[in-house]
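First comes the structure, then the notes that go with it.
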Amino acid sequence: MNKKQFLQRLEQSLKKLPAEERRDILADYEEHFAIGMSEGQTEENIVEALGNPGQIGKETLASYHLEKVGTTVTTGNIMRAVWAVIGLGFFNLVVVLGPFIGLSSIVVAGWAVGVAFIASPLLVLADVAISPTTFHWFQCFAAIALCGLGFFISIGMLFTTKAFTKGFIRYLNYNASLVKGGMKREV
Amino acid sequence: MNVQFKKGVLELCVLVLLDKQDRYGYELVQKISDRIEISEGTVYPLLRRLTKEEYFTTYLKESTEGPSRKYYTLTAKGRDYLHQLVQEWRTFSEAVNLLIKEGVASE
């Protein structure tokens, strides 16, 4: 097997990974080949020393999936992690699901208030459009003030949501290790 | 040697090699394979995993010959982990050595 065949087989076994990740991994091996060949090794020798590309692919995939939840935070990932931790025991149904529902309601409510405040000038406009005779300056100013406040609340919520997400993932990890009886390290 | 066992030791070797200086992937692979028989390709997934776990950071550096090389630097977190692994390794290997010694002596 030469360099090209090795890289092709490796790429084949990594096709489930995102393109960027895959490119990154292949670049490591290309660098390995380049340095090896500049030291006078043949492609065949390097391939032989590297080992089976299918096996390498498998190991890379396994470690990728393990890290996924820890590095990329998406709703799907978090939900999967929540269910995974709940799966650890019925005890957790209360301990994990409870705080999760409670805290996420607070986050949702905060966002709702922020957005509603921002939208309040629209209500004044609607009011004027429906019954032009009832226009009050007070309503107009109050709405503008609320709108400004709404922006601040939304920005605040942005940070709160981030902090909440981070904190909760940490809590899940802690919880998982607690239920499993502490992280046991293999020798 | 047992594959799982070797994998754990490989992690320790990589961390030890980076304790004193930054090194690039090829260099790490050669240093280890000079002493221990390994499939060299398995070092790279290990390096990726340890990087993602924030034990290493990486940077690219131009080389006088050939393409730029990806160097690995041990982080403070990585160093803590290294010390822990070294400790575990010492306890473990001393115990095994003792068992071997007792075993050989009684034969």
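To be explicit about the labels: the chains of the structure tokens are called A, B, and onward in the order shown, and within each one the residues are counted from 1, while ligands get numbers from 1 in the order they are shown.
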Residues of chain A no more than 6 Å from chain B, counting only C-alpha atoms: send them over as JSON, numbers by chain. {"A": [32, 49, 50, 51, 56, 60]}
Run DSSP on the backbone and tell me which residues of range 10-102 of chain B come out as strand (DSSP E); list them as a VMD selection string. chain B and resid 23 to 24 56 to 61 69 to 74
Might you pull out every residue within 7 Å of Phe6 in chain A, with only C-alpha atoms counted and same-chain residues fewer than 5 positions away left off, and present them as a list in words?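 Surrounding residues, per the criterion: Met1, Val47 and Pro53 of chain A.
With only C-alpha atoms as the basis for measurement, A:Arg9 is the residue among A:Glu20, A:Gly36, A:Gln41, A:Arg9 that approaches Gly54 in chain A most closely.
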